[in-house]
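File shown here: data-v4.cif, holding mmCIF, C-alpha atoms.
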```
data_structure
loop_
_atom_site.label_atom_id
_atom_site.label_comp_id
_atom_site.auth_asym_id
_atom_site.auth_seq_id
_atom_site.Cartn_x
_atom_site.Cartn_y
_atom_site.Cartn_z
CA MET A 294 -16.24 46.90 -69.70
CA VAL A 295 -14.38 48.71 -66.90
CA LYS A 296 -16.51 49.10 -63.77
CA SER A 297 -16.74 52.48 -62.04
CA LYS A 298 -15.18 52.55 -58.58
CA ILE A 299 -17.53 53.76 -55.87
CA ALA A 300 -17.27 53.85 -52.08
CA PHE A 301 -19.84 53.85 -49.31
CA VAL A 302 -18.73 55.71 -46.17
CA ILE A 303 -20.28 54.71 -42.83
CA PRO A 304 -19.08 54.76 -39.20
CA SER A 305 -19.14 50.94 -38.90
CA LEU A 306 -20.68 47.76 -40.26
CA TYR A 307 -21.96 46.68 -36.85
CA SER A 308 -25.61 45.65 -36.40
CA GLY A 309 -28.02 48.44 -37.30
CA GLY A 310 -30.44 49.78 -39.91
CA ALA A 311 -28.02 51.93 -41.91
CA GLU A 312 -25.37 49.22 -41.74
CA ARG A 313 -27.78 46.63 -43.11
CA VAL A 314 -28.83 48.94 -45.94
CA VAL A 315 -25.21 49.58 -46.99
CA SER A 316 -24.50 45.84 -46.88
CA THR A 317 -27.63 44.98 -48.88
CA LEU A 318 -27.02 47.66 -51.53
CA SER A 319 -23.36 46.69 -51.85
CA ASN A 320 -24.29 43.04 -52.39
CA GLU A 321 -26.86 44.02 -55.03
CA LEU A 322 -24.60 46.48 -56.88
CA VAL A 323 -21.24 44.68 -56.79
CA GLY A 324 -21.91 43.12 -60.19
CA LYS A 325 -22.00 46.58 -61.77
CA TYR A 326 -19.42 48.54 -59.75
CA GLU A 327 -16.14 48.01 -57.92
CA ILE A 328 -17.34 48.65 -54.39
CA THR A 329 -15.34 49.76 -51.37
CA ILE A 330 -16.90 50.35 -47.96
CA ILE A 331 -14.95 52.86 -45.85
CA THR A 332 -15.61 52.59 -42.11
CA PHE A 333 -14.33 54.80 -39.30
CA THR A 334 -12.88 51.95 -37.23
CA GLU A 335 -11.96 48.31 -37.61
CA ILE A 336 -15.02 46.25 -36.63
CA LEU A 337 -15.94 42.98 -38.33
CA PRO A 338 -19.09 43.28 -40.49
CA PHE A 339 -22.23 41.95 -38.80
CA TYR A 340 -24.03 41.30 -42.09
CA GLU A 341 -22.80 38.99 -44.82
CA LEU A 342 -20.91 40.69 -47.66
CA ASP A 343 -20.01 39.47 -51.15
CA SER A 344 -16.31 38.52 -51.30
CA ARG A 345 -15.75 41.08 -54.09
CA ILE A 346 -16.53 43.98 -51.74
CA GLN A 347 -13.52 45.66 -50.14
CA VAL A 348 -13.87 47.00 -46.58
CA ILE A 349 -11.25 49.54 -45.48
CA PRO A 350 -11.25 51.03 -41.95
CA CYS A 351 -9.88 54.56 -41.51
CA LEU A 352 -8.39 53.75 -38.11
CA LYS A 353 -7.98 50.68 -35.90
CA THR A 354 -9.62 52.50 -32.99
CA ILE A 355 -10.66 56.04 -32.22
CA SER A 356 -10.51 57.96 -28.93
CA PRO A 357 -13.86 59.05 -27.47
CA SER A 358 -14.75 62.67 -28.31
CA THR A 359 -14.86 63.79 -24.66
CA ASN A 360 -14.40 67.45 -25.56
CA ARG A 361 -14.56 69.73 -28.59
CA TRP A 362 -10.80 69.56 -29.28
CA GLN A 363 -10.77 65.76 -29.22
CA GLY A 364 -13.79 65.75 -31.51
CA LEU A 365 -12.03 68.09 -33.97
CA LYS A 366 -8.90 65.93 -33.86
CA ASN A 367 -10.89 62.74 -34.50
CA ASN A 368 -12.75 64.28 -37.42
CA TYR A 369 -9.54 65.61 -38.94
CA LEU A 370 -7.89 62.18 -38.70
CA LEU A 371 -10.92 60.55 -40.32
CA TYR A 372 -11.11 63.19 -43.06
CA ARG A 373 -7.42 62.82 -43.89
CA ARG A 374 -7.67 59.03 -43.98
CA ILE A 375 -10.81 59.08 -46.19
CA MET A 376 -8.85 61.29 -48.62
CA GLN A 377 -5.94 58.83 -48.65
CA ILE A 378 -8.19 55.81 -49.27
CA VAL A 379 -10.07 57.57 -52.09
CA LYS A 380 -6.83 58.63 -53.83
CA LYS A 381 -5.13 55.25 -53.48
CA ASN A 382 -8.16 53.31 -54.78
CA ASN A 383 -9.09 55.80 -57.50
CA ILE A 384 -12.67 56.15 -56.21
CA LYS A 385 -14.95 58.05 -58.60
CA LEU A 386 -18.00 58.52 -56.31
CA LEU A 387 -18.48 58.75 -52.53
CA ILE A 388 -21.77 57.76 -50.89
CA GLY A 389 -22.16 58.80 -47.24
CA PHE A 390 -24.56 57.26 -44.71
CA MET A 391 -25.47 59.01 -41.43
CA THR A 392 -25.01 62.66 -40.46
CA SER A 393 -21.44 62.67 -39.09
CA THR A 394 -20.21 60.63 -42.05
CA ASN A 395 -22.13 62.73 -44.56
CA ILE A 396 -20.35 65.92 -43.48
CA LEU A 397 -16.88 64.38 -43.85
CA THR A 398 -17.87 62.69 -47.13
CA VAL A 399 -18.96 65.96 -48.76
CA ILE A 400 -15.88 67.86 -47.57
CA ALA A 401 -13.57 65.10 -48.84
CA GLY A 402 -15.42 64.91 -52.16
CA LYS A 403 -15.25 68.66 -52.69
CA THR A 404 -11.54 68.73 -51.85
CA LEU A 405 -10.80 65.93 -54.32
CA GLY A 406 -13.21 67.13 -56.99
CA ILE A 407 -15.34 63.97 -57.05
CA PRO A 408 -19.15 63.76 -56.76
CA THR A 409 -20.95 62.82 -53.55
CA ILE A 410 -24.29 61.28 -52.66
CA ILE A 411 -25.30 61.48 -49.00
CA SER A 412 -28.12 59.67 -47.20
CA GLU A 413 -29.93 60.92 -44.10
CA ARG A 414 -30.99 57.95 -41.98
CA ILE A 415 -33.15 59.48 -39.24
CA ASP A 416 -35.93 62.04 -38.80
CA PRO A 417 -33.90 65.28 -38.41
CA THR A 418 -36.72 67.01 -36.52
CA LYS A 419 -36.56 64.40 -33.73
CA SER A 420 -32.93 63.27 -33.57
CA GLN A 421 -30.70 64.66 -30.82
CA THR A 422 -28.02 65.96 -33.18
CA LYS A 423 -25.38 68.20 -31.58
CA THR A 424 -25.73 71.93 -32.31
CA ILE A 425 -22.37 72.16 -34.09
CA ARG A 426 -23.32 69.22 -36.29
CA LYS A 427 -26.66 70.85 -37.17
CA LYS A 428 -24.82 74.01 -38.21
CA LEU A 429 -22.31 72.05 -40.29
CA ARG A 430 -25.15 70.08 -41.87
CA LYS A 431 -26.77 73.31 -43.01
CA ILE A 432 -23.52 74.53 -44.57
CA VAL A 433 -22.26 71.25 -46.04
CA TYR A 434 -25.33 69.28 -47.21
CA PRO A 435 -26.23 71.70 -50.05
CA LYS A 436 -22.76 71.09 -51.53
CA ALA A 437 -23.47 67.37 -52.09
CA ASN A 438 -24.64 66.33 -55.54
CA ILE A 439 -27.65 64.46 -54.13
CA LEU A 440 -29.23 64.00 -50.69
CA VAL A 441 -31.20 60.77 -50.33
CA VAL A 442 -34.04 60.65 -47.78
CA GLN A 443 -36.54 57.90 -47.01
CA THR A 444 -39.87 59.72 -46.72
CA GLN A 445 -41.78 62.80 -47.91
CA PRO A 446 -41.83 64.61 -44.50
CA ILE A 447 -38.03 64.38 -44.27
CA LEU A 448 -37.71 65.67 -47.84
CA GLU A 449 -39.91 68.64 -46.93
CA PHE A 450 -37.66 69.41 -43.94
CA PHE A 451 -34.58 69.68 -46.18
CA LEU A 452 -36.44 71.60 -48.91
CA ARG A 453 -36.19 74.66 -46.69
CA TRP A 454 -32.49 75.03 -47.56
CA ILE A 455 -31.56 72.48 -50.22
CA PRO A 456 -32.67 72.81 -53.88
CA LYS A 457 -35.40 70.37 -54.91
CA GLN A 458 -33.28 68.95 -57.75
CA LYS A 459 -30.72 67.77 -55.19
CA LEU A 460 -33.25 65.76 -53.16
CA ILE A 461 -34.64 62.29 -53.85
CA ILE A 462 -36.74 59.79 -51.89
CA LEU A 463 -35.33 56.27 -51.93
CA PRO A 464 -36.79 53.91 -49.28
CA ASN A 465 -34.62 51.32 -47.61
CA PRO A 466 -34.37 47.91 -49.27
CA LEU A 467 -35.44 44.71 -47.60
CA SER A 468 -32.55 42.44 -46.73
CA ASP A 469 -31.81 39.91 -49.47
CA SER A 470 -31.24 37.29 -46.75
CA LEU A 471 -34.82 37.79 -45.52
CA THR A 472 -36.16 37.23 -49.02
CA GLU A 473 -34.18 33.98 -49.18
CA ALA A 474 -35.52 32.97 -45.76
CA LYS A 475 -39.07 33.63 -46.97
CA LYS A 476 -38.52 31.17 -49.82
CA ARG A 477 -37.08 28.55 -47.43
CA TYR A 478 -39.97 28.82 -44.98
CA SER A 479 -42.97 29.06 -47.28
CA GLU A 480 -45.23 27.63 -44.56
CA PRO A 481 -43.47 28.37 -41.24
CA LYS A 482 -44.64 26.84 -37.97
CA LYS A 483 -45.96 29.76 -35.93
CA GLU A 484 -45.86 30.14 -32.15
CA ASN A 485 -47.65 32.48 -29.76
CA ILE A 486 -44.89 35.09 -29.82
CA VAL A 487 -44.99 38.89 -29.99
CA LEU A 488 -41.68 40.03 -31.48
CA ASN A 489 -39.80 43.32 -31.42
CA VAL A 490 -36.51 43.91 -33.26
CA GLY A 491 -34.41 47.04 -32.73
CA ARG A 492 -31.84 48.81 -30.60
CA LEU A 493 -32.81 48.91 -26.93
CA THR A 494 -33.03 52.69 -26.63
CA LYS A 495 -35.65 55.21 -25.53
CA GLN A 496 -36.25 56.14 -29.17
CA LYS A 497 -37.47 52.61 -29.93
CA GLY A 498 -40.11 52.74 -27.18
CA GLN A 499 -39.72 49.22 -25.79
CA GLU A 500 -40.53 50.30 -22.22
CA MET A 501 -44.16 50.93 -23.26
CA LEU A 502 -44.26 47.56 -25.00
CA ILE A 503 -42.91 45.70 -21.96
CA ARG A 504 -45.37 47.40 -19.61
CA THR A 505 -48.26 46.85 -22.03
CA PHE A 506 -47.52 43.15 -22.48
CA ALA A 507 -47.17 42.70 -18.70
CA LYS A 508 -50.53 44.39 -18.14
CA ILE A 509 -52.27 42.16 -20.73
CA ASN A 510 -50.34 39.12 -19.47
CA PRO A 511 -51.85 36.75 -22.07
CA ASN A 512 -51.89 33.02 -21.36
CA ASN A 513 -49.41 30.95 -23.37
CA TRP A 514 -47.84 33.96 -25.12
CA LYS A 515 -44.30 35.34 -24.97
CA LEU A 516 -42.74 38.69 -25.84
CA GLN A 517 -39.28 38.53 -27.40
CA LEU A 518 -37.05 41.58 -27.88
CA VAL A 519 -34.07 41.27 -30.23
CA GLY A 520 -31.26 43.81 -29.97
CA GLU A 521 -28.74 45.51 -27.71
CA GLY A 522 -28.58 49.05 -26.44
CA SER A 523 -28.25 51.56 -23.64
CA GLU A 524 -31.57 50.62 -21.99
CA LYS A 525 -30.90 46.88 -21.72
CA ALA A 526 -30.06 46.87 -18.00
CA PHE A 527 -33.13 49.01 -17.24
CA TYR A 528 -35.42 46.71 -19.25
CA LYS A 529 -33.95 43.64 -17.60
CA GLN A 530 -34.74 45.03 -14.15
CA LEU A 531 -38.16 46.21 -15.29
CA ILE A 532 -39.04 42.68 -16.43
CA ILE A 533 -37.99 41.36 -13.00
CA ASP A 534 -40.00 44.06 -11.20
CA LEU A 535 -43.08 43.16 -13.27
CA ASP A 536 -42.55 39.46 -12.47
CA MET A 537 -42.47 38.59 -16.18
CA GLU A 538 -39.13 36.75 -16.49
CA ASN A 539 -40.92 33.66 -17.80
CA LYS A 540 -42.86 35.58 -20.45
CA ILE A 541 -40.58 38.40 -21.67
CA GLU A 542 -37.18 37.54 -23.15
CA LEU A 543 -34.27 39.83 -24.05
CA LEU A 544 -32.50 37.86 -26.78
CA GLY A 545 -29.64 40.28 -27.57
CA LEU A 546 -28.18 40.51 -31.08
CA ARG A 547 -29.06 37.52 -33.22
CA LYS A 548 -27.80 36.36 -36.60
CA ASP A 549 -30.89 34.13 -36.96
CA VAL A 550 -33.37 37.02 -36.88
CA ALA A 551 -35.10 35.71 -40.03
CA GLU A 552 -35.96 32.50 -38.19
CA LEU A 553 -37.27 34.49 -35.22
CA TYR A 554 -39.54 36.48 -37.55
CA GLN A 555 -40.81 33.23 -39.04
CA LYS A 556 -41.75 31.78 -35.64
CA ALA A 557 -43.60 34.85 -34.33
CA LYS A 558 -47.26 35.64 -35.05
CA ILE A 559 -47.25 39.35 -34.12
CA PHE A 560 -44.71 42.13 -34.55
CA ALA A 561 -44.93 45.13 -32.21
CA PHE A 562 -43.25 48.41 -33.17
CA PRO A 563 -43.58 51.10 -30.44
CA SER A 564 -41.02 53.62 -31.78
CA LEU A 565 -41.14 57.33 -30.94
CA PHE A 566 -39.57 58.32 -34.29
CA GLU A 567 -37.77 56.76 -37.23
CA GLY A 568 -35.97 57.72 -40.41
CA PHE A 569 -37.50 54.65 -42.00
CA PRO A 570 -38.90 51.66 -40.06
CA ASN A 571 -36.62 48.86 -41.31
CA ALA A 572 -37.73 46.23 -38.81
CA LEU A 573 -41.40 46.93 -39.53
CA THR A 574 -40.86 46.43 -43.28
CA GLU A 575 -39.04 43.17 -42.58
CA ALA A 576 -41.87 41.90 -40.39
CA MET A 577 -44.51 42.81 -42.97
CA HIS A 578 -42.46 41.20 -45.75
CA LEU A 579 -42.39 37.95 -43.78
CA GLY A 580 -46.12 38.08 -43.09
CA LEU A 581 -46.35 38.98 -39.40
CA ALA A 582 -49.46 40.72 -38.10
CA CYS A 583 -48.12 44.15 -37.17
CA ILE A 584 -49.05 46.79 -34.63
CA SER A 585 -47.12 50.08 -34.73
CA THR A 586 -47.19 53.54 -33.26
CA ASP A 587 -48.05 56.18 -35.84
CA CYS A 588 -44.64 57.74 -35.33
CA PRO A 589 -42.77 60.01 -37.71
CA THR A 590 -41.76 58.80 -40.22
CA GLY A 591 -42.74 55.68 -42.17
CA PRO A 592 -45.33 53.43 -40.46
CA SER A 593 -48.34 55.31 -41.86
CA GLU A 594 -46.92 54.88 -45.37
CA LEU A 595 -46.95 51.09 -44.92
CA ILE A 596 -49.87 50.25 -42.62
CA GLN A 597 -53.53 50.94 -43.42
CA ASP A 598 -55.04 50.87 -39.96
CA GLY A 599 -57.36 47.93 -39.45
CA ILE A 600 -56.71 46.57 -42.96
CA ASN A 601 -53.15 45.21 -43.02
CA GLY A 602 -52.14 46.07 -39.45
CA TYR A 603 -52.83 48.42 -36.57
CA LEU A 604 -51.61 52.03 -36.24
CA VAL A 605 -51.79 53.46 -32.72
CA PRO A 606 -51.43 57.15 -31.70
CA LEU A 607 -47.91 57.94 -30.58
CA SER A 608 -47.14 57.15 -26.90
CA ASP A 609 -50.77 56.16 -26.19
CA GLN A 610 -50.22 53.13 -23.97
CA ASN A 611 -53.95 52.53 -23.41
CA ALA A 612 -54.63 52.39 -27.15
CA PHE A 613 -51.59 50.18 -27.72
CA GLU A 614 -52.78 47.84 -24.97
CA GLU A 615 -56.31 47.67 -26.40
CA LYS A 616 -55.14 46.92 -29.97
CA LEU A 617 -52.46 44.42 -28.95
CA ALA A 618 -54.89 42.55 -26.70
CA SER A 619 -57.53 42.42 -29.45
CA LEU A 620 -54.96 41.06 -31.89
CA ILE A 621 -53.63 38.42 -29.49
CA ASN A 622 -57.18 37.22 -28.89
CA ASN A 623 -58.22 37.09 -32.55
CA GLN A 624 -56.48 34.40 -34.62
CA THR A 625 -58.65 35.26 -37.64
CA LEU A 626 -57.46 38.88 -37.59
CA ILE A 627 -53.84 37.76 -37.15
CA LYS A 628 -54.17 35.66 -40.30
CA GLU A 629 -55.89 38.48 -42.20
CA PHE A 630 -53.17 41.03 -41.36
CA SER A 631 -50.52 38.40 -42.07
CA ASN A 632 -51.88 37.70 -45.56
CA LYS A 633 -52.15 41.37 -46.52
CA ALA A 634 -48.89 42.72 -45.05
CA PRO A 635 -46.37 41.49 -47.69
CA THR A 636 -48.11 43.30 -50.56
CA ALA A 637 -47.57 46.67 -48.83
CA VAL A 638 -43.78 46.28 -48.92
CA SER A 639 -43.19 44.32 -52.14
CA HIS A 640 -41.76 47.45 -53.82
CA LEU A 641 -38.98 47.41 -51.20
CA GLU A 642 -37.44 44.09 -52.26
CA SER A 643 -33.71 44.62 -52.58
CA HIS A 644 -33.45 44.26 -56.37
CA ASN A 645 -36.18 46.91 -56.87
CA VAL A 646 -34.53 49.48 -54.59
CA ALA A 647 -31.02 48.66 -55.90
CA LYS A 648 -32.21 49.38 -59.45
CA LYS A 649 -33.19 52.91 -58.37
CA TRP A 650 -29.82 53.40 -56.66
CA ASP A 651 -28.07 52.15 -59.81
CA GLU A 652 -29.94 54.74 -61.90
CA LEU A 653 -29.03 57.49 -59.42
CA ILE A 654 -25.35 56.50 -59.25
CA ASN A 655 -25.06 56.44 -63.04
CA LYS A 656 -26.74 59.82 -63.31
CA VAL A 657 -24.34 61.41 -60.80
CA ILE A 658 -21.18 59.79 -62.24
CA LEU A 659 -22.07 60.83 -65.81
CA ARG A 660 -22.86 64.46 -64.96
#
```
Could you express the structure from this file as structure tokens?
Amino acid sequence: MVKSKIAFVIPSLYSGGAERVVSTLSNELVGKYEITIITFTEILPFYELDSRIQVIPCLKTISPSTNRWQGLKNNYLLYRRIMQIVKKNNIKLLIGFMTSTNILTVIAGKTLGIPTIISERIDPTKSQTKTIRKKLRKIVYPKANILVVQTQPILEFFLRWIPKQKLIILPNPLSDSLTEAKKRYSEPKKENIVLNVGRLTKQKGQEMLIRTFAKINPNNWKLQLVGEGSEKAFYKQLIIDLDMENKIELLGLRKDVAELYQKAKIFAFPSLFEGFPNALTEAMHLGLACISTDCPTGPSELIQDGINGYLVPLSDQNAFEEKLASLINNQTLIKEFSNKAPTAVSHLESHNVAKKWDELINKVILR
């Protein structure tokens, strides 16, 4: 049987939530489709990919969009190259990830007469999307065959100007590598570690977590932050100013994140907003006791406060401090949250989510 040729379109395959989702879905679906991943520039994939998956960059490098004309030029070059790749490889379906990519994906698909699925990866009411991009999103998104979102509030946002039949909720899959790690470490040796995984940006809220942990200053506990980002230098200096260099560690990007999850007892998630909280789902899957802000969107769909984790009002440092301290000082509660957390995210295992994507892809291709 001849496999349909489909292509995911994403700015890069560097470390990040959307990048991990594309990698995971591609690995799960490559047995059923010929899969190409089109990236904007040539950067080596951070996540492991099946050898049958083809990765094609549009350009080796791209000039920074320092002004509107440079931005238009960059987007035209990317659009033209996407068209060339699709024609040459006889792609039958384009799947865009992230706003900038989605716009180009839909325009290219419409020009070539092939269907498109696009996926919004962030809460559009909170993200700092440029005005021109917001306007283009309003014009272009309704022309896609399907828009995939992660949560009900985001679906309701787009319902204002996109027909209901073009919208679908598909949550992000758990990484298949994490599921394998869970099997390898069925009874991991835990340490007194509070873990956070995510880009070091204001959106992810790590400043509150650092200050909170420093204020609690628990004996024989460490806070580890995994990731890179624009706030790294600020956080590094903040840790020095708080005299916490021996207790708070910035670990950078790590390939062994599954092992870090397995060592930690608590996962802290202080985000201001999310499209879908990937790192939180990973931590719950691997049985960490979790504390999260009740940010839009996602945590409240996973955590039942006081039952399988803690939900704290957004940006309430006092409440976060109180709950984190109570968790650190209560090994029984840590174990209780740890035991209950995996059940809340079992529906997100990669094969379950990939099955829903497979059904969607088939439906769109056969229309």
Handout entry: Polymer residues at most 10 Å from region 313-323 of chain A, only C-alpha atoms, same-chain spacing of 4 or more positions, as number ranges by chain
Key = A: 296, 299-303, 306-309, 327-330, 338-346, 388-390, 464-470, 571, 643-648, 650-651
Exercise for the section: Determine, counting all atoms listed in the file, every residue of protein, DNA or RNA that lies within 9 Å of (-53.2, 35.8, -37.8) in the file coordinates, then give the result as an NGL selection string. Expected result: :A and (558-559 or 581-582 or 620-621 or 623-632)
Exercise for the section: Find the residue from A:Met391, A:Cys583, A:Leu429, A:Leu448 that sits nearest to Ser412 (chain A); use all atoms listed in the file when measuring. Expected result: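 Checking each candidate against Ser412 (chain A), we get A:Met391 as the closest.
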Handout entry: Between CA of Leu535 (chain A) and CA of Phe506 (chain A), distance in Å (one decimal)
Key = 10.2 Å
Handout entry: Straight-line distance linking CA of Leu544 (chain A) with CA of Val519 (chain A), stated in Å to one decimal
Key = 5.1 Å
Practice task
Tell me which of A:Gln530, A:Gln445, A:Ser393, A:Gln555 sits closest to Glu484 (chain A), counting only C-alpha atoms.
Solution key: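 Under the stated criterion, the closest residue is A:Gln555.
The coordinates place CA of Ile439 (chain A) at 4.9 Å from CA of Ile410 (chain A).
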Exercise for the section: Would you kindly identify which residues have an atom no farther than 12 Å from (-32.0, 68.6, -52.8), using all atoms listed in the file and the file's own coordinates, and write them out as a ChimeraX atom specification? Expected result: /A:410-413,434-442,447-462
Practice task
Write out as a list in words each polymer residue whose atoms come within 10 Å of Ile596 (chain A), counting only C-alpha atoms; drop sequence neighbours fewer than 2 positions from it.
Solution key: Leu573, Thr574, Met577, Cys583, Ile584, Ser585, Asp587, Gly591, Pro592, Ser593, Glu594, Asp598, Gly599, Ile600, Asn601, Gly602, Tyr603, Leu604, Phe630, Lys633, Ala634, Ala637 and Val638 of chain A
Handout entry: Asp536 (chain A) surroundings by all atoms listed in the file, 12 Å radius, close-in-sequence under 5 positions cut, as a PyMOL selection string
Key = chain A and resi 503-504+506-508+510+529-531+541
Practice task
Please evaluate the PyMOL selection byres ((chain A and resi 568) around 8) against the displayed coordinates and give the resulting residues as an MDAnalysis selection string.
Solution key: chainID A and resid 413:416 443:444 447 566:567 569:570 589:591
Grab the residues selected above and save them as a PDB file, in the coordinates of the input with C-alpha atoms.
```
ATOM      1  CA  GLU A 413     -29.930  60.920 -44.100  1.00  0.00           C
ATOM      2  CA  ARG A 414     -30.990  57.950 -41.980  1.00  0.00           C
ATOM      3  CA  ILE A 415     -33.150  59.480 -39.240  1.00  0.00           C
ATOM      4  CA  ASP A 416     -35.930  62.040 -38.800  1.00  0.00           C
ATOM      5  CA  GLN A 443     -36.540  57.900 -47.010  1.00  0.00           C
ATOM      6  CA  THR A 444     -39.870  59.720 -46.720  1.00  0.00           C
ATOM      7  CA  ILE A 447     -38.030  64.380 -44.270  1.00  0.00           C
ATOM      8  CA  PHE A 566     -39.570  58.320 -34.290  1.00  0.00           C
ATOM      9  CA  GLU A 567     -37.770  56.760 -37.230  1.00  0.00           C
ATOM     10  CA  PHE A 569     -37.500  54.650 -42.000  1.00  0.00           C
ATOM     11  CA  PRO A 570     -38.900  51.660 -40.060  1.00  0.00           C
ATOM     12  CA  PRO A 589     -42.770  60.010 -37.710  1.00  0.00           C
ATOM     13  CA  THR A 590     -41.760  58.800 -40.220  1.00  0.00           C
ATOM     14  CA  GLY A 591     -42.740  55.680 -42.170  1.00  0.00           C
TER      15      GLY A 591
END
```
Contacts of Lys482 (chain A) within 12 Å, all atoms listed in the file, excl. fewer than 5 positions in-chain, as a CSV table (one decimal) with C-alpha atoms, in the coordinates of the input:
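Result file follows (out_0.csv):
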```csv
chain,number,residue,atom,x,y,z
A,552,GLU,CA,-36.0,32.5,-38.2
A,553,LEU,CA,-37.3,34.5,-35.2
A,554,TYR,CA,-39.5,36.5,-37.6
A,555,GLN,CA,-40.8,33.2,-39.0
A,556,LYS,CA,-41.8,31.8,-35.6
A,557,ALA,CA,-43.6,34.8,-34.3
A,558,LYS,CA,-47.3,35.6,-35.0
```
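Here the PyMOL selection byres ((chain A and resi 405) around 12) matches the residues Tyr372, Arg373, Ile375, Met376, Gln377, Ile378, Val379, Lys380, Asn383, Ile384, Lys385, Leu386, Leu387, Thr398, Val399, Ile400, Ala401, Gly402, Lys403, Thr404, Gly406, Ile407, Pro408 and Thr409 of chain A.
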Exercise for the section: Considering all atoms listed in the file, state which residue in the set A:Arg426, A:Lys616, A:Lys540, A:Lys497 is at the smallest distance from Asn513 (chain A). Expected result: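 Smallest separation from Asn513 (chain A) among the options: A:Lys540.
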Given 3 Å on each side, where is the centre and what are the edge lengths in Å to one decimal of the axis-aligned box enclosing the listed atoms of region 342-345 of chain A, as lines of an AutoDock Vina configuration file?
```
center_x = -18.3
center_y = 39.8
center_z = -50.9
size_x = 11.2
size_y = 8.6
size_z = 12.4
```
Exercise for the section: Find, counting only C-alpha atoms, the residue in A:Lys325, A:Arg492, A:Arg361, A:Lys419 that gets nearest to Glu524 (chain A). Expected result: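 Closest to Glu524 (chain A) of all the choices is A:Arg492.
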Exercise for the section: Find the residues near Lys353 (chain A): any atom within 9 Å, counting all atoms listed in the file, skip ones fewer than 5 places away on the same chain, and give them as a list in words. Expected result: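 Counting only the stated atoms, we get Phe333, Thr334, Glu335 and Ile336 of chain A.
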Could I get region 329-343 of chain A rebuilt with N, CA and C atoms, written as a PDB file, in the frame of the given file?
```pdb
ATOM      1  N   THR A 329     -16.102  49.676 -52.607  1.00  0.00           N
ATOM      2  CA  THR A 329     -15.340  49.760 -51.370  1.00  0.00           C
ATOM      3  C   THR A 329     -16.265  50.323 -50.289  1.00  0.00           C
ATOM      4  N   ILE A 330     -16.191  49.766 -49.095  1.00  0.00           N
ATOM      5  CA  ILE A 330     -16.900  50.350 -47.960  1.00  0.00           C
ATOM      6  C   ILE A 330     -15.843  50.888 -46.997  1.00  0.00           C
ATOM      7  N   ILE A 331     -15.886  52.204 -46.776  1.00  0.00           N
ATOM      8  CA  ILE A 331     -14.950  52.860 -45.850  1.00  0.00           C
ATOM      9  C   ILE A 331     -15.647  53.026 -44.506  1.00  0.00           C
ATOM     10  N   THR A 332     -15.052  52.453 -43.459  1.00  0.00           N
ATOM     11  CA  THR A 332     -15.610  52.590 -42.110  1.00  0.00           C
ATOM     12  C   THR A 332     -14.663  53.421 -41.249  1.00  0.00           C
ATOM     13  N   PHE A 333     -15.167  53.983 -40.182  1.00  0.00           N
ATOM     14  CA  PHE A 333     -14.330  54.800 -39.300  1.00  0.00           C
ATOM     15  C   PHE A 333     -13.310  53.939 -38.560  1.00  0.00           C
ATOM     16  N   THR A 334     -13.770  52.806 -38.016  1.00  0.00           N
ATOM     17  CA  THR A 334     -12.880  51.950 -37.230  1.00  0.00           C
ATOM     18  C   THR A 334     -12.974  50.500 -37.683  1.00  0.00           C
ATOM     19  N   GLU A 335     -12.082  49.695 -37.180  1.00  0.00           N
ATOM     20  CA  GLU A 335     -11.960  48.310 -37.610  1.00  0.00           C
ATOM     21  C   GLU A 335     -12.869  47.404 -36.772  1.00  0.00           C
ATOM     22  N   ILE A 336     -14.075  47.159 -37.266  1.00  0.00           N
ATOM     23  CA  ILE A 336     -15.020  46.250 -36.630  1.00  0.00           C
ATOM     24  C   ILE A 336     -15.507  45.266 -37.684  1.00  0.00           C
ATOM     25  N   LEU A 337     -15.511  43.985 -37.354  1.00  0.00           N
ATOM     26  CA  LEU A 337     -15.940  42.980 -38.330  1.00  0.00           C
ATOM     27  C   LEU A 337     -17.391  43.215 -38.741  1.00  0.00           C
ATOM     28  N   PRO A 338     -17.719  43.095 -40.033  1.00  0.00           N
ATOM     29  CA  PRO A 338     -19.090  43.280 -40.490  1.00  0.00           C
ATOM     30  C   PRO A 338     -20.050  42.296 -39.823  1.00  0.00           C
ATOM     31  N   PHE A 339     -21.217  42.802 -39.400  1.00  0.00           N
ATOM     32  CA  PHE A 339     -22.230  41.950 -38.800  1.00  0.00           C
ATOM     33  C   PHE A 339     -23.025  41.214 -39.868  1.00  0.00           C
ATOM     34  N   TYR A 340     -23.235  41.883 -41.008  1.00  0.00           N
ATOM     35  CA  TYR A 340     -24.030  41.300 -42.090  1.00  0.00           C
ATOM     36  C   TYR A 340     -23.106  40.703 -43.160  1.00  0.00           C
ATOM     37  N   GLU A 341     -23.602  39.674 -43.812  1.00  0.00           N
ATOM     38  CA  GLU A 341     -22.800  38.990 -44.820  1.00  0.00           C
ATOM     39  C   GLU A 341     -22.552  39.894 -46.029  1.00  0.00           C
ATOM     40  N   LEU A 342     -21.283  39.882 -46.503  1.00  0.00           N
ATOM     41  CA  LEU A 342     -20.910  40.690 -47.660  1.00  0.00           C
ATOM     42  C   LEU A 342     -20.321  39.806 -48.753  1.00  0.00           C
ATOM     43  N   ASP A 343     -20.603  40.145 -50.001  1.00  0.00           N
ATOM     44  CA  ASP A 343     -20.010  39.470 -51.150  1.00  0.00           C
ATOM     45  C   ASP A 343     -18.483  39.600 -51.070  1.00  0.00           C
TER      46      ASP A 343
END
```
